[in-house]
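structure30.cif (mmCIF, C-alpha atoms and all ligand atoms) appears below.
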data_query
#
loop_
_atom_site.label_atom_id
_atom_site.label_comp_id
_atom_site.auth_asym_id
_atom_site.auth_seq_id
_atom_site.Cartn_x
_atom_site.Cartn_y
_atom_site.Cartn_z
CA MET A 1 -2.99 -0.47 22.34
CA LYS A 2 -3.88 -1.77 18.87
CA LEU A 3 -7.49 -2.09 17.71
CA LEU A 4 -8.95 -3.66 14.57
CA THR A 5 -12.55 -2.84 13.64
CA VAL A 6 -14.22 -5.45 11.43
CA CYS A 7 -17.38 -5.55 9.28
CA LEU A 8 -18.35 -7.44 6.12
CA GLY A 9 -17.08 -5.27 3.27
CA ASN A 10 -14.69 -2.85 5.06
CA ILE A 11 -16.22 0.07 3.17
CA CYS A 12 -19.10 1.30 5.41
CA ARG A 13 -19.05 0.51 9.14
CA SER A 14 -15.50 -0.51 10.07
CA PRO A 15 -13.75 2.38 8.24
CA ALA A 16 -16.17 4.77 9.98
CA ALA A 17 -15.45 3.11 13.34
CA GLN A 18 -11.70 3.42 12.68
CA GLY A 19 -11.98 7.12 11.88
CA ILE A 20 -14.14 7.83 14.92
CA LEU A 21 -11.89 5.88 17.33
CA GLU A 22 -8.78 7.64 15.98
CA HIS A 23 -10.48 11.02 16.35
CA LEU A 24 -11.70 10.38 19.90
CA ALA A 25 -8.33 8.91 20.96
CA GLN A 26 -6.60 12.05 19.72
CA GLN A 27 -9.06 14.22 21.68
CA ARG A 28 -8.35 12.18 24.81
CA GLY A 29 -4.59 12.27 24.20
CA VAL A 30 -4.25 8.48 24.37
CA ASP A 31 -1.87 6.44 22.25
CA LEU A 32 -4.10 4.18 20.20
CA SER A 33 -3.44 2.57 16.85
CA VAL A 34 -6.52 1.59 14.83
CA ASP A 35 -6.97 -0.34 11.59
CA SER A 36 -10.03 -1.90 9.95
CA ALA A 37 -10.77 -4.93 7.78
CA GLY A 38 -13.64 -6.89 6.25
CA THR A 39 -14.48 -10.58 6.57
CA ALA A 40 -15.25 -10.60 2.80
CA ALA A 41 -12.90 -9.71 -0.07
CA TYR A 42 -15.50 -8.03 -2.35
CA HIS A 43 -14.10 -4.52 -2.02
CA VAL A 44 -10.37 -5.05 -1.38
CA GLY A 45 -8.33 -1.98 -2.37
CA LYS A 46 -11.34 0.34 -2.56
CA LEU A 47 -12.00 3.63 -0.79
CA PRO A 48 -14.69 3.71 1.90
CA ASP A 49 -18.25 4.10 0.57
CA ALA A 50 -18.93 7.73 -0.49
CA ARG A 51 -21.79 7.90 2.04
CA SER A 52 -19.48 6.95 4.94
CA ILE A 53 -16.88 9.46 3.73
CA ARG A 54 -19.55 12.19 3.59
CA THR A 55 -21.18 11.63 6.99
CA LEU A 56 -17.79 11.49 8.72
CA SER A 57 -16.55 14.53 6.85
CA ASN A 58 -19.56 16.38 8.31
CA ALA A 59 -18.15 15.50 11.75
CA GLY A 60 -14.67 16.76 10.81
CA ILE A 61 -13.23 13.27 10.32
CA ASP A 62 -11.37 12.36 7.11
CA ILE A 63 -11.29 8.65 6.17
CA THR A 64 -10.24 9.02 2.53
CA HIS A 65 -6.75 7.61 3.19
CA GLN A 66 -8.28 4.22 4.08
CA ARG A 67 -8.40 1.29 1.62
CA ALA A 68 -10.38 -1.90 2.13
CA ARG A 69 -8.62 -5.12 3.04
CA GLN A 70 -9.68 -8.57 4.17
CA VAL A 71 -9.05 -9.73 7.72
CA SER A 72 -6.34 -12.42 8.02
CA PRO A 73 -5.32 -14.97 10.68
CA GLU A 74 -2.17 -12.91 11.40
CA ASP A 75 -4.41 -10.05 12.57
CA PHE A 76 -5.25 -12.12 15.65
CA HIS A 77 -1.60 -11.91 16.70
CA ARG A 78 -1.06 -8.26 15.72
CA PHE A 79 -4.00 -6.60 17.52
CA ASP A 80 -5.04 -6.38 21.18
CA TRP A 81 -8.73 -6.05 20.34
CA ILE A 82 -10.76 -7.15 17.32
CA LEU A 83 -14.11 -5.35 17.35
CA ALA A 84 -16.94 -6.94 15.31
CA MET A 85 -19.82 -4.79 14.07
CA ASP A 86 -22.43 -7.58 14.01
CA ALA A 87 -23.01 -11.19 15.07
CA GLU A 88 -22.22 -12.57 11.61
CA ASN A 89 -18.87 -10.72 11.56
CA LEU A 90 -18.12 -12.16 15.01
CA ALA A 91 -18.99 -15.72 13.92
CA ASN A 92 -16.81 -15.36 10.80
CA LEU A 93 -13.92 -14.05 12.91
CA GLN A 94 -14.21 -16.91 15.37
CA ARG A 95 -14.11 -19.38 12.46
CA ILE A 96 -10.70 -18.15 11.22
CA ALA A 97 -9.14 -17.35 14.62
CA PRO A 98 -5.83 -19.24 14.97
CA ALA A 99 -5.31 -21.39 18.06
CA GLY A 100 -3.58 -19.60 20.93
CA HIS A 101 -4.14 -16.08 19.60
CA GLU A 102 -3.89 -13.12 22.00
CA ALA A 103 -6.50 -10.72 20.62
CA LYS A 104 -9.78 -10.14 22.46
CA VAL A 105 -12.49 -10.76 19.84
CA VAL A 106 -15.78 -9.11 20.83
CA MET A 107 -18.95 -7.39 19.61
CA PHE A 108 -18.17 -3.67 19.60
CA GLY A 109 -21.76 -2.70 20.58
CA ARG A 110 -21.35 -4.56 23.85
CA TYR A 111 -19.41 -1.58 25.23
CA ARG A 112 -22.33 0.87 25.04
CA LYS A 113 -23.12 1.64 28.69
CA GLY A 114 -26.68 1.21 29.91
CA VAL A 115 -28.17 0.60 26.48
CA ASP A 116 -27.77 -2.71 24.72
CA PHE A 117 -26.92 -1.57 21.20
CA GLY A 118 -25.75 -5.00 20.13
CA GLU A 119 -25.15 -4.91 16.41
CA VAL A 120 -24.22 -1.94 14.24
CA ASP A 121 -26.67 -2.40 11.36
CA ASP A 122 -25.29 -2.67 7.84
CA PRO A 123 -26.28 0.59 6.09
CA TYR A 124 -25.04 -0.49 2.62
CA TYR A 125 -28.42 -1.12 0.99
CA GLY A 126 -30.20 1.83 2.64
CA GLY A 127 -30.12 5.60 2.23
CA GLU A 128 -28.17 8.50 3.70
CA GLN A 129 -30.11 8.43 7.00
CA GLY A 130 -28.81 4.94 7.69
CA PHE A 131 -25.25 6.26 7.48
CA GLU A 132 -26.08 9.16 9.80
CA ASP A 133 -27.60 6.71 12.32
CA MET A 134 -24.53 4.47 11.97
CA LYS A 135 -22.24 7.43 12.75
CA GLN A 136 -24.20 8.44 15.87
CA GLN A 137 -24.26 4.84 17.11
CA LEU A 138 -20.51 4.39 16.46
CA ILE A 139 -19.66 7.63 18.30
CA LYS A 140 -21.57 6.50 21.39
CA ILE A 141 -20.08 3.01 21.40
CA SER A 142 -16.57 4.37 20.74
CA ASN A 143 -16.77 6.82 23.64
CA ASP A 144 -17.89 4.08 26.00
CA PHE A 145 -15.29 1.65 24.69
CA LEU A 146 -12.50 4.21 25.29
CA ALA A 147 -13.89 4.84 28.78
CA HIS A 148 -13.73 1.07 29.35
CA LEU A 149 -10.07 1.04 28.27
CA TYR A 150 -8.83 4.20 29.96
CA GLU A 151 -11.06 5.15 32.96
P1 LIG A 201 -19.87 -2.89 5.53
O1 LIG A 201 -21.08 -2.78 4.49
O2 LIG A 201 -19.78 -4.36 5.90
O3 LIG A 201 -20.31 -2.04 6.65
O4 LIG A 201 -18.65 -2.39 4.80
C1 LIG A 201 -21.20 -3.59 3.34
C2 LIG A 201 -20.52 -3.25 2.20
C3 LIG A 201 -20.66 -4.03 1.07
C4 LIG A 201 -21.49 -5.13 1.09
C5 LIG A 201 -22.16 -5.45 2.23
C6 LIG A 201 -22.00 -4.69 3.37
N1 LIG A 201 -21.66 -5.91 -0.09
O5 LIG A 201 -22.46 -6.86 -0.07
O6 LIG A 201 -21.03 -5.63 -1.12
#

The structure given in the file should be rewritten as structure tokens.
Amino acid sequence: MKLLTVCLGNICRSPAAQGILEHLAQQRGVDLSVDSAGTAAYHVGKLPDARSIRTLSNAGIDITHQRARQVSPEDFHRFDWILAMDAENLANLQRIAPAGHEAKVVMFGRYRKGVDFGEVDDPYYGGEQGFEDMKQQLIKISNDFLAHLYE
């Protein structure tokens, strides 16, 4: 199973979601390949935001090997799932999706059981607490998404 997490810049939310999904998949012993990308090209080649690196490091998850890239039409053929962090990301993905692609393109927050989390808020212009909240939200959604895939 191949997953692509997508946000705007690919430095805050989607790298964190990638790290969390990889970590939880390893704990479950399932064979999952995860990558992340941004709809915008502002930060291509950069490390994740230092605040995302720090909050995930506190959870024992290292994301410092990741580098930002922009999502491309080929991604819709290479991945089984493309997981958007917010409604704008989803709209931008749908705009560039090639005809006849196989990937399921969805809002990631939709998989949170019982609670309608919807969007994962962009923490970029806020403080450290926003990144902590983002991490907690992504852990819950990721657990429920993996349960959806494997249970
Ligand atoms: P992300 O956060 O989409 O979660 O990576 C952002 C990062 C950078 C910008 C916006 C959002 N930016 O405008 O540069």

- prompt: Which residue, A:Leu32, A:Leu47, A:Ala97, A:Ala84, has the smallest gap to A:Asp122 when you use all atoms listed in the file?
  reply: A:Ala84

- prompt: Of the candidates A:Ala41, A:Leu146, A:Ile11, A:Ile139, which shows the shortest atom-to-atom distance to ligand LIG 201 (chain A), using all atoms listed in the file?
  reply: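 Among A:Ala41, A:Leu146, A:Ile11, A:Ile139, it is A:Ile11 that comes nearest to ligand LIG 201 (chain A).
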
task: Considering only C-alpha atoms, state which residue in the set A:Ser14, A:Arg54, A:Met1, A:Tyr124 is at the smallest distance from A:Val30.
output: A:Met1

query: So which residues are near ligand LIG 201 (chain A), meaning at most 9 Å away with only C-alpha atoms and all ligand atoms counted, given back as a PyMOL selection string?
result: chain A and resi 6-16+37-40+42-43+48-49+68+85+89+120-125

- request: Tell me which of A:Ser36, A:Lys113, A:Trp81, A:Glu74 sits closest to A:Pro98, counting all atoms listed in the file.
  value: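 With all atoms listed in the file as the atom set, the closest residue is A:Glu74.
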
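We find atom CA of A:Val71 and atom CA of A:Gly100 to be spaced 17.4 Å apart.
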
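From atom CA of A:Val105 back to atom CA of A:Leu3, the distance works out to 10.2 Å.
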
Residue nearest A:Arg69 - candidates A:Met134, A:Val44, A:Leu90, A:Val34, atoms counted: all atoms listed in the file: A:Val44

task: Have a look at A:Lys104, A:Arg67, A:Arg51, A:Arg112 and name the one nearest to A:Gln18; count all atoms listed in the file.
output: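 Among the listed residues, the smallest separation from A:Gln18 belongs to A:Arg67.
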
- prompt: Once you count all atoms listed in the file, which residues end up no further than 7 Å from (-2.0, -14.5, 20.1) in the file's frame, shown as a PyMOL selection string?
  reply: chain A and resi 76-77+100-103

query: To one decimal place, how far is atom CA of A:Ile82 from atom CA of A:Gly130 in Å?
result: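 Atom-to-atom, atom CA of A:Ile82 to atom CA of A:Gly130, that is 23.8 Å.
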
- prompt: Got a sec: who's within 8 Å of A:Leu56, counting only C-alpha atoms, leaving out chain neighbours fewer than 4 positions off, as an MDAnalysis selection string?
  reply: chainID A and resid 16 19 52 60:63 135

Box time for stretch 104-111 of chain A: axis-aligned, enclosing all its listed atoms, 3 Å extra on each side; report centre and edge lengths in Å to one decimal, as JSON.
{"center_x": -15.8, "center_y": -6.2, "center_z": 22.4, "size_x": 18.0, "size_y": 15.2, "size_z": 11.6}
